[in-house]
$ cat model36.cif   # mmCIF, N, CA and C atoms
data_query
#
loop_
_atom_site.group_PDB
_atom_site.id
_atom_site.type_symbol
_atom_site.label_atom_id
_atom_site.label_comp_id
_atom_site.auth_asym_id
_atom_site.auth_seq_id
_atom_site.Cartn_x
_atom_site.Cartn_y
_atom_site.Cartn_z
ATOM 1 N N MET A 1 0.839 -1.154 0.000
ATOM 2 C CA MET A 1 0.000 0.000 0.000
ATOM 3 C C MET A 1 0.896 1.232 0.000
ATOM 4 N N GLY A 2 0.600 2.182 -0.863
ATOM 5 C CA GLY A 2 1.388 3.399 -0.944
ATOM 6 C C GLY A 2 0.504 4.607 -1.127
ATOM 7 N N HIS A 3 1.151 5.724 -1.257
ATOM 8 C CA HIS A 3 0.447 6.981 -1.444
ATOM 9 C C HIS A 3 1.044 7.716 -2.620
ATOM 10 N N GLU A 4 0.209 8.405 -3.353
ATOM 11 C CA GLU A 4 0.686 9.278 -4.414
ATOM 12 C C GLU A 4 0.723 10.691 -3.858
ATOM 13 N N VAL A 5 1.788 11.415 -4.188
ATOM 14 C CA VAL A 5 1.975 12.763 -3.672
ATOM 15 C C VAL A 5 2.184 13.708 -4.838
ATOM 16 N N ALA A 6 1.566 14.872 -4.740
ATOM 17 C CA ALA A 6 1.790 15.945 -5.712
ATOM 18 C C ALA A 6 2.197 17.185 -4.930
ATOM 19 N N LEU A 7 3.107 17.953 -5.476
ATOM 20 C CA LEU A 7 3.614 19.148 -4.810
ATOM 21 C C LEU A 7 3.227 20.396 -5.586
ATOM 22 N N ALA A 8 3.092 21.503 -4.859
ATOM 23 C CA ALA A 8 2.813 22.802 -5.466
ATOM 24 C C ALA A 8 3.702 23.832 -4.793
ATOM 25 N N GLY A 9 4.116 24.826 -5.550
ATOM 26 C CA GLY A 9 5.020 25.846 -5.030
ATOM 27 C C GLY A 9 4.340 27.058 -4.445
ATOM 28 N N ASN A 10 3.043 27.194 -4.651
ATOM 29 C CA ASN A 10 2.303 28.332 -4.111
ATOM 30 C C ASN A 10 0.820 27.970 -4.037
ATOM 31 N N GLY A 11 0.029 28.856 -3.475
ATOM 32 C CA GLY A 11 -1.385 28.572 -3.279
ATOM 33 C C GLY A 11 -2.167 28.396 -4.569
ATOM 34 N N ALA A 12 -1.879 29.234 -5.555
ATOM 35 C CA ALA A 12 -2.582 29.127 -6.832
ATOM 36 C C ALA A 12 -2.271 27.792 -7.505
ATOM 37 N N GLN A 13 -1.017 27.410 -7.468
ATOM 38 C CA GLN A 13 -0.619 26.134 -8.051
ATOM 39 C C GLN A 13 -1.225 24.966 -7.273
ATOM 40 N N ALA A 14 -1.366 25.110 -5.973
ATOM 41 C CA ALA A 14 -1.976 24.052 -5.158
ATOM 42 C C ALA A 14 -3.405 23.775 -5.610
ATOM 43 N N VAL A 15 -4.142 24.824 -5.907
ATOM 44 C CA VAL A 15 -5.527 24.656 -6.377
ATOM 45 C C VAL A 15 -5.540 23.988 -7.746
ATOM 46 N N GLU A 16 -4.648 24.410 -8.643
ATOM 47 C CA GLU A 16 -4.565 23.804 -9.977
ATOM 48 C C GLU A 16 -4.208 22.321 -9.891
ATOM 49 N N VAL A 17 -3.206 21.999 -9.083
ATOM 50 C CA VAL A 17 -2.771 20.610 -8.944
ATOM 51 C C VAL A 17 -3.896 19.767 -8.349
ATOM 52 N N ALA A 18 -4.559 20.290 -7.333
ATOM 53 C CA ALA A 18 -5.642 19.540 -6.686
ATOM 54 C C ALA A 18 -6.800 19.305 -7.647
ATOM 55 N N ALA A 19 -7.080 20.262 -8.508
ATOM 56 C CA ALA A 19 -8.170 20.099 -9.470
ATOM 57 C C ALA A 19 -7.879 18.945 -10.430
ATOM 58 N N GLN A 20 -6.619 18.750 -10.778
ATOM 59 C CA GLN A 20 -6.230 17.670 -11.693
ATOM 60 C C GLN A 20 -5.972 16.361 -10.961
ATOM 61 N N PHE A 21 -5.378 16.452 -9.781
ATOM 62 C CA PHE A 21 -4.898 15.287 -9.041
ATOM 63 C C PHE A 21 -5.996 14.635 -8.203
ATOM 64 N N GLY A 22 -6.928 15.434 -7.683
ATOM 65 C CA GLY A 22 -8.010 14.899 -6.855
ATOM 66 C C GLY A 22 -7.548 14.263 -5.566
ATOM 67 N N PRO A 23 -6.800 14.983 -4.730
ATOM 68 C CA PRO A 23 -6.259 14.384 -3.508
ATOM 69 C C PRO A 23 -7.322 14.135 -2.448
ATOM 70 N N ASP A 24 -7.031 13.203 -1.560
ATOM 71 C CA ASP A 24 -7.861 12.963 -0.382
ATOM 72 C C ASP A 24 -7.485 13.919 0.742
ATOM 73 N N VAL A 25 -6.185 14.258 0.817
ATOM 74 C CA VAL A 25 -5.650 15.120 1.862
ATOM 75 C C VAL A 25 -4.822 16.221 1.216
ATOM 76 N N VAL A 26 -4.989 17.449 1.704
ATOM 77 C CA VAL A 26 -4.179 18.580 1.244
ATOM 78 C C VAL A 26 -3.593 19.258 2.474
ATOM 79 N N ILE A 27 -2.268 19.408 2.485
ATOM 80 C CA ILE A 27 -1.572 20.083 3.578
ATOM 81 C C ILE A 27 -1.075 21.416 3.029
ATOM 82 N N LEU A 28 -1.517 22.506 3.657
ATOM 83 C CA LEU A 28 -1.191 23.846 3.174
ATOM 84 C C LEU A 28 -0.527 24.689 4.248
ATOM 85 N N ASP A 29 0.472 25.454 3.835
ATOM 86 C CA ASP A 29 1.009 26.519 4.671
ATOM 87 C C ASP A 29 0.061 27.708 4.524
ATOM 88 N N LEU A 30 -0.027 28.550 5.519
ATOM 89 C CA LEU A 30 -0.910 29.704 5.417
ATOM 90 C C LEU A 30 -0.250 30.876 4.708
ATOM 91 N N GLY A 31 1.060 30.991 4.783
ATOM 92 C CA GLY A 31 1.762 32.141 4.224
ATOM 93 C C GLY A 31 2.370 31.899 2.857
ATOM 94 N N MET A 32 1.650 31.243 1.967
ATOM 95 C CA MET A 32 2.171 30.959 0.624
ATOM 96 C C MET A 32 2.064 32.187 -0.280
ATOM 97 N N PRO A 33 2.952 32.275 -1.279
ATOM 98 C CA PRO A 33 2.867 33.386 -2.230
ATOM 99 C C PRO A 33 1.725 33.203 -3.235
ATOM 100 N N LEU A 34 1.380 34.270 -3.904
ATOM 101 C CA LEU A 34 0.357 34.364 -4.956
ATOM 102 C C LEU A 34 -1.062 34.187 -4.420
ATOM 103 N N LEU A 35 -1.288 33.164 -3.666
ATOM 104 C CA LEU A 35 -2.599 32.894 -3.073
ATOM 105 C C LEU A 35 -2.305 32.264 -1.714
ATOM 106 N N ASP A 36 -2.667 32.944 -0.638
ATOM 107 C CA ASP A 36 -2.323 32.396 0.679
ATOM 108 C C ASP A 36 -3.125 31.134 0.971
ATOM 109 N N GLY A 37 -2.758 30.434 2.036
ATOM 110 C CA GLY A 37 -3.397 29.165 2.372
ATOM 111 C C GLY A 37 -4.875 29.286 2.673
ATOM 112 N N LEU A 38 -5.288 30.411 3.243
ATOM 113 C CA LEU A 38 -6.703 30.616 3.546
ATOM 114 C C LEU A 38 -7.523 30.721 2.259
ATOM 115 N N ALA A 39 -7.039 31.522 1.314
ATOM 116 C CA ALA A 39 -7.734 31.664 0.027
ATOM 117 C C ALA A 39 -7.679 30.362 -0.763
ATOM 118 N N ALA A 40 -6.545 29.661 -0.671
ATOM 119 C CA ALA A 40 -6.425 28.381 -1.372
ATOM 120 C C ALA A 40 -7.418 27.371 -0.805
ATOM 121 N N ALA A 41 -7.583 27.332 0.518
ATOM 122 C CA ALA A 41 -8.543 26.408 1.129
ATOM 123 C C ALA A 41 -9.964 26.703 0.651
ATOM 124 N N ARG A 42 -10.321 27.982 0.593
ATOM 125 C CA ARG A 42 -11.661 28.349 0.106
ATOM 126 C C ARG A 42 -11.849 27.888 -1.344
ATOM 127 N N ALA A 43 -10.819 28.078 -2.167
ATOM 128 C CA ALA A 43 -10.892 27.663 -3.571
ATOM 129 C C ALA A 43 -10.967 26.144 -3.683
ATOM 130 N N LEU A 44 -10.223 25.430 -2.849
ATOM 131 C CA LEU A 44 -10.265 23.962 -2.865
ATOM 132 C C LEU A 44 -11.649 23.459 -2.493
ATOM 133 N N ARG A 45 -12.286 24.080 -1.530
ATOM 134 C CA ARG A 45 -13.629 23.655 -1.118
ATOM 135 C C ARG A 45 -14.652 23.848 -2.238
ATOM 136 N N ARG A 46 -14.389 24.782 -3.153
ATOM 137 C CA ARG A 46 -15.315 25.022 -4.271
ATOM 138 C C ARG A 46 -15.136 24.019 -5.419
ATOM 139 N N LEU A 47 -14.065 23.237 -5.397
ATOM 140 C CA LEU A 47 -13.856 22.232 -6.441
ATOM 141 C C LEU A 47 -14.922 21.145 -6.325
ATOM 142 N N PRO A 48 -15.225 20.439 -7.417
ATOM 143 C CA PRO A 48 -16.241 19.378 -7.354
ATOM 144 C C PRO A 48 -16.001 18.341 -6.252
ATOM 145 N N ASN A 49 -14.748 18.003 -5.999
ATOM 146 C CA ASN A 49 -14.425 17.030 -4.946
ATOM 147 C C ASN A 49 -13.926 17.703 -3.672
ATOM 148 N N GLY A 50 -14.070 19.020 -3.586
ATOM 149 C CA GLY A 50 -13.523 19.783 -2.468
ATOM 150 C C GLY A 50 -14.132 19.471 -1.120
ATOM 151 N N ALA A 51 -15.405 19.137 -1.090
ATOM 152 C CA ALA A 51 -16.052 18.841 0.195
ATOM 153 C C ALA A 51 -15.483 17.578 0.829
ATOM 154 N N GLY A 52 -14.965 16.656 0.018
ATOM 155 C CA GLY A 52 -14.434 15.400 0.527
ATOM 156 C C GLY A 52 -12.965 15.433 0.886
ATOM 157 N N MET A 53 -12.280 16.528 0.590
ATOM 158 C CA MET A 53 -10.856 16.631 0.911
ATOM 159 C C MET A 53 -10.656 16.922 2.388
ATOM 160 N N LEU A 54 -9.630 16.336 2.971
ATOM 161 C CA LEU A 54 -9.207 16.671 4.319
ATOM 162 C C LEU A 54 -8.179 17.792 4.187
ATOM 163 N N LEU A 55 -8.522 19.002 4.630
ATOM 164 C CA LEU A 55 -7.619 20.149 4.518
ATOM 165 C C LEU A 55 -6.920 20.382 5.849
ATOM 166 N N VAL A 56 -5.581 20.401 5.793
ATOM 167 C CA VAL A 56 -4.756 20.545 6.982
ATOM 168 C C VAL A 56 -3.897 21.796 6.841
ATOM 169 N N ALA A 57 -4.022 22.712 7.798
ATOM 170 C CA ALA A 57 -3.133 23.873 7.861
ATOM 171 C C ALA A 57 -1.911 23.461 8.669
ATOM 172 N N LEU A 58 -0.726 23.574 8.072
ATOM 173 C CA LEU A 58 0.535 23.300 8.765
ATOM 174 C C LEU A 58 1.303 24.610 8.758
ATOM 175 N N THR A 59 1.386 25.262 9.907
ATOM 176 C CA THR A 59 1.846 26.636 9.936
ATOM 177 C C THR A 59 2.538 26.988 11.240
ATOM 178 N N GLY A 60 3.235 28.060 11.230
ATOM 179 C CA GLY A 60 3.807 28.615 12.450
ATOM 180 C C GLY A 60 2.839 29.551 13.150
ATOM 181 N N TRP A 61 1.707 29.797 12.545
ATOM 182 C CA TRP A 61 0.695 30.707 13.108
ATOM 183 C C TRP A 61 -0.178 29.914 14.079
ATOM 184 N N GLY A 62 -0.003 30.124 15.380
ATOM 185 C CA GLY A 62 -0.704 29.301 16.350
ATOM 186 C C GLY A 62 -1.585 30.040 17.332
ATOM 187 N N GLN A 63 -1.795 31.319 17.120
ATOM 188 C CA GLN A 63 -2.641 32.086 18.025
ATOM 189 C C GLN A 63 -4.117 31.737 17.818
ATOM 190 N N PRO A 64 -4.954 31.975 18.816
ATOM 191 C CA PRO A 64 -6.381 31.644 18.685
ATOM 192 C C PRO A 64 -7.040 32.262 17.447
ATOM 193 N N GLN A 65 -6.679 33.486 17.106
ATOM 194 C CA GLN A 65 -7.281 34.104 15.921
ATOM 195 C C GLN A 65 -6.888 33.391 14.630
ATOM 196 N N HIS A 66 -5.708 32.782 14.596
ATOM 197 C CA HIS A 66 -5.287 32.026 13.418
ATOM 198 C C HIS A 66 -6.113 30.752 13.281
ATOM 199 N N ARG A 67 -6.406 30.114 14.397
ATOM 200 C CA ARG A 67 -7.240 28.910 14.373
ATOM 201 C C ARG A 67 -8.659 29.249 13.913
ATOM 202 N N GLU A 68 -9.168 30.393 14.344
ATOM 203 C CA GLU A 68 -10.485 30.839 13.881
ATOM 204 C C GLU A 68 -10.468 31.105 12.383
ATOM 205 N N MET A 69 -9.375 31.717 11.903
ATOM 206 C CA MET A 69 -9.254 32.007 10.474
ATOM 207 C C MET A 69 -9.244 30.724 9.647
ATOM 208 N N THR A 70 -8.512 29.703 10.113
ATOM 209 C CA THR A 70 -8.450 28.463 9.339
ATOM 210 C C THR A 70 -9.793 27.736 9.369
ATOM 211 N N GLN A 71 -10.462 27.784 10.501
ATOM 212 C CA GLN A 71 -11.784 27.159 10.585
ATOM 213 C C GLN A 71 -12.751 27.857 9.624
ATOM 214 N N ASP A 72 -12.737 29.180 9.609
ATOM 215 C CA ASP A 72 -13.616 29.937 8.722
ATOM 216 C C ASP A 72 -13.308 29.679 7.243
ATOM 217 N N ALA A 73 -12.041 29.382 6.940
ATOM 218 C CA ALA A 73 -11.637 29.126 5.554
ATOM 219 C C ALA A 73 -11.969 27.717 5.087
ATOM 220 N N GLY A 74 -12.356 26.831 6.023
ATOM 221 C CA GLY A 74 -12.743 25.480 5.638
ATOM 222 C C GLY A 74 -11.741 24.393 5.946
ATOM 223 N N PHE A 75 -10.691 24.718 6.710
ATOM 224 C CA PHE A 75 -9.733 23.681 7.100
ATOM 225 C C PHE A 75 -10.368 22.716 8.095
ATOM 226 N N ASP A 76 -9.925 21.454 8.040
ATOM 227 C CA ASP A 76 -10.356 20.430 8.988
ATOM 228 C C ASP A 76 -9.456 20.381 10.211
ATOM 229 N N MET A 77 -8.176 20.690 10.026
ATOM 230 C CA MET A 77 -7.193 20.623 11.111
ATOM 231 C C MET A 77 -6.255 21.813 11.020
ATOM 232 N N HIS A 78 -5.744 22.208 12.173
ATOM 233 C CA HIS A 78 -4.748 23.282 12.260
ATOM 234 C C HIS A 78 -3.569 22.725 13.051
ATOM 235 N N LEU A 79 -2.448 22.477 12.381
ATOM 236 C CA LEU A 79 -1.245 21.962 13.031
ATOM 237 C C LEU A 79 -0.225 23.087 13.103
ATOM 238 N N VAL A 80 0.320 23.312 14.287
ATOM 239 C CA VAL A 80 1.335 24.346 14.459
ATOM 240 C C VAL A 80 2.696 23.684 14.365
ATOM 241 N N SER A 81 3.500 24.146 13.414
ATOM 242 C CA SER A 81 4.818 23.544 13.202
ATOM 243 C C SER A 81 5.786 23.999 14.285
ATOM 244 N N GLN A 82 6.730 23.148 14.579
ATOM 245 C CA GLN A 82 7.775 23.444 15.551
ATOM 246 C C GLN A 82 8.822 24.315 14.877
ATOM 247 N N THR A 83 9.087 25.483 15.409
ATOM 248 C CA THR A 83 10.080 26.362 14.800
ATOM 249 C C THR A 83 11.366 26.458 15.604
ATOM 250 N N ASP A 84 11.350 26.081 16.864
ATOM 251 C CA ASP A 84 12.531 26.133 17.705
ATOM 252 C C ASP A 84 13.193 24.757 17.687
ATOM 253 N N LEU A 85 14.248 24.610 16.885
ATOM 254 C CA LEU A 85 14.882 23.297 16.718
ATOM 255 C C LEU A 85 15.459 22.756 18.016
ATOM 256 N N SER A 86 15.834 23.612 18.933
ATOM 257 C CA SER A 86 16.400 23.125 20.189
ATOM 258 C C SER A 86 15.356 22.414 21.036
ATOM 259 N N ARG A 87 14.072 22.650 20.747
ATOM 260 C CA ARG A 87 12.992 21.999 21.489
ATOM 261 C C ARG A 87 12.290 20.933 20.661
ATOM 262 N N SER A 88 12.764 20.660 19.468
ATOM 263 C CA SER A 88 12.063 19.725 18.588
ATOM 264 C C SER A 88 12.251 18.281 19.018
ATOM 265 N N ALA A 89 11.408 17.404 18.486
ATOM 266 C CA ALA A 89 11.457 15.978 18.813
ATOM 267 C C ALA A 89 12.776 15.348 18.368
ATOM 268 N N ALA A 90 13.481 15.968 17.412
ATOM 269 C CA ALA A 90 14.757 15.429 16.958
ATOM 270 C C ALA A 90 15.823 15.520 18.051
ATOM 271 N N PHE A 91 15.661 16.448 19.000
ATOM 272 C CA PHE A 91 16.644 16.648 20.040
ATOM 273 C C PHE A 91 16.165 16.198 21.417
ATOM 274 N N HIS A 92 14.903 15.920 21.556
ATOM 275 C CA HIS A 92 14.323 15.533 22.839
ATOM 276 C C HIS A 92 13.340 14.395 22.614
ATOM 277 N N PRO A 93 13.000 13.671 23.655
ATOM 278 C CA PRO A 93 11.970 12.639 23.514
ATOM 279 C C PRO A 93 10.660 13.239 22.999
ATOM 280 N N VAL A 94 9.919 12.445 22.308
ATOM 281 C CA VAL A 94 8.641 12.909 21.763
ATOM 282 C C VAL A 94 7.740 13.327 22.913
ATOM 283 N N ASN A 95 7.112 14.483 22.746
ATOM 284 C CA ASN A 95 6.170 14.956 23.750
ATOM 285 C C ASN A 95 5.059 15.731 23.065
ATOM 286 N N ASP A 96 4.022 16.018 23.801
ATOM 287 C CA ASP A 96 2.863 16.693 23.240
ATOM 288 C C ASP A 96 3.164 18.111 22.798
ATOM 289 N N ALA A 97 4.206 18.741 23.328
ATOM 290 C CA ALA A 97 4.520 20.124 22.974
ATOM 291 C C ALA A 97 5.129 20.241 21.583
ATOM 292 N N ALA A 98 5.624 19.141 21.030
ATOM 293 C CA ALA A 98 6.285 19.201 19.733
ATOM 294 C C ALA A 98 5.316 19.480 18.600
ATOM 295 N N LEU A 99 4.070 19.126 18.762
ATOM 296 C CA LEU A 99 3.090 19.333 17.702
ATOM 297 C C LEU A 99 1.728 19.559 18.343
ATOM 298 N N THR A 100 1.066 20.598 17.917
ATOM 299 C CA THR A 100 -0.249 20.916 18.469
ATOM 300 C C THR A 100 -1.302 20.544 17.443
ATOM 301 N N TYR A 101 -2.274 19.759 17.836
ATOM 302 C CA TYR A 101 -3.350 19.312 16.962
ATOM 303 C C TYR A 101 -4.666 19.830 17.513
ATOM 304 N N THR A 102 -5.399 20.526 16.679
ATOM 305 C CA THR A 102 -6.706 21.006 17.087
ATOM 306 C C THR A 102 -7.713 20.607 16.017
ATOM 307 N N PRO A 103 -8.569 19.627 16.289
ATOM 308 C CA PRO A 103 -9.604 19.280 15.301
ATOM 309 C C PRO A 103 -10.620 20.409 15.220
ATOM 310 N N LEU A 104 -10.943 20.799 14.004
ATOM 311 C CA LEU A 104 -11.886 21.886 13.820
ATOM 312 C C LEU A 104 -13.300 21.364 13.577
ATOM 313 N N ARG A 105 -13.411 20.214 12.978
ATOM 314 C CA ARG A 105 -14.718 19.584 12.825
ATOM 315 C C ARG A 105 -14.512 18.094 12.603
ATOM 316 N N HIS A 106 -15.544 17.334 12.795
ATOM 317 C CA HIS A 106 -15.466 15.886 12.680
ATOM 318 C C HIS A 106 -15.239 15.474 11.229
ATOM 319 N N CYS A 107 -14.398 14.473 11.033
ATOM 320 C CA CYS A 107 -14.145 13.938 9.701
ATOM 321 C C CYS A 107 -14.027 12.435 9.818
ATOM 322 N N ASP A 108 -14.877 11.683 9.121
ATOM 323 C CA ASP A 108 -14.853 10.232 9.205
ATOM 324 C C ASP A 108 -13.733 9.615 8.380
ATOM 325 N N ALA A 109 -13.472 10.159 7.204
ATOM 326 C CA ALA A 109 -12.476 9.569 6.296
ATOM 327 C C ALA A 109 -11.158 10.295 6.433
ATOM 328 N N VAL A 110 -10.103 9.546 6.643
ATOM 329 C CA VAL A 110 -8.755 10.137 6.709
ATOM 330 C C VAL A 110 -7.911 9.454 5.687
#

$ encode --input "model36.cif" --output "structure tokens"
Amino acid sequence: MGHEVALAGNGAQAVEVAAQFGPDVVILDLGMPLLDGLAAARALRRLPNGAGMLLVALTGWGQPQHREMTQDAGFDMHLVSQTDLSRSAAFHPVNDAALTYTPLRHCDAV
């Protein structure tokens, strides 16, 4: 069992690739060029298969207002990336502080 992966260099390209590729899961940064992750998520949701995609925000933006923004844009999950390498799981035992997961709404298919 394997997975097929497609990459995009910016938000606009992410929407184009997703329209052709039809992914089950899309992981987006919020601060992408040309079309930010919030606008890209809204555009992805408008695609014919957009309602069935699992949209994941992977970002350094972790304040409560950022989580509200991603929820409003249609993301299913908001993951805050680790930016301080001295505290990352690569240098310390795995712990809950290394990655923050906040489910925004229920999703049966992953």

$ atom_distance --input "model36.cif" --atom1 "CA of Ala43 (chain A)" --atom2 "CA of Val15 (chain A)"
6.8 Å

$ residues_around --input "model36.cif" --residues "region 3-13 of chain A" --least-positions-apart "4" --cutoff "6 Å" --atoms "all atoms listed in the file" --output "JSON, numbers by chain"
{"A": [17, 18, 32, 33, 34, 35, 36, 37, 40]}

$ residues_near_point --input "model36.cif" --point "(-6.2, 33.8, 10.8)" --cutoff "12 Å" --atoms "only C-alpha atoms" --output "list in words"
Asp29, Leu30, Gly31, Asp36, Gly37, Leu38, Ala39, Ala57, Thr59, Gly60, Trp61, Gly62, Gln63, Pro64, Gln65, His66, Arg67, Glu68, Met69, Thr70, Gln71, Asp72, Ala73, Gly74, Phe75 and His78 of chain A

$ select_by_dssp --input "model36.cif" --residues "region 22-65 of chain A" --states "strand (DSSP E)" --output "ChimeraX atom specification"
/A:25-28,54-59

$ residues_around --input "model36.cif" --residues "Val56 (chain A)" --least-positions-apart "6" --cutoff "7 Å" --atoms "all atoms listed in the file" --output "NGL selection string"
:A and (25-29 or 75-79)

$ atom_distance --input "model36.cif" --atom1 "CA of Ser81 (chain A)" --atom2 "CA of Pro48 (chain A)"
29.7 Å

$ resolve_selection --input "model36.cif" --expression "the PyMOL selection byres ((chain A and resi 53) around 7)" --output "ChimeraX atom specification"
/A:23-26,49-52,54-55

$ atom_distance --input "model36.cif" --atom1 "atom N of Gln82 (chain A)" --atom2 "atom N of Leu47 (chain A)"
28.8 Å

$ select_by_dssp --input "model36.cif" --residues "region 2-102 of chain A" --states "helix (DSSP H, G or I)" --output "JSON, numbers by chain"
{"A": [11, 12, 13, 14, 15, 16, 17, 18, 19, 20, 21, 37, 38, 39, 40, 41, 42, 43, 44, 45, 46, 50, 51, 52, 64, 65, 66, 67, 68, 69, 70, 71, 72, 73, 85, 86, 87, 96, 97, 98]}
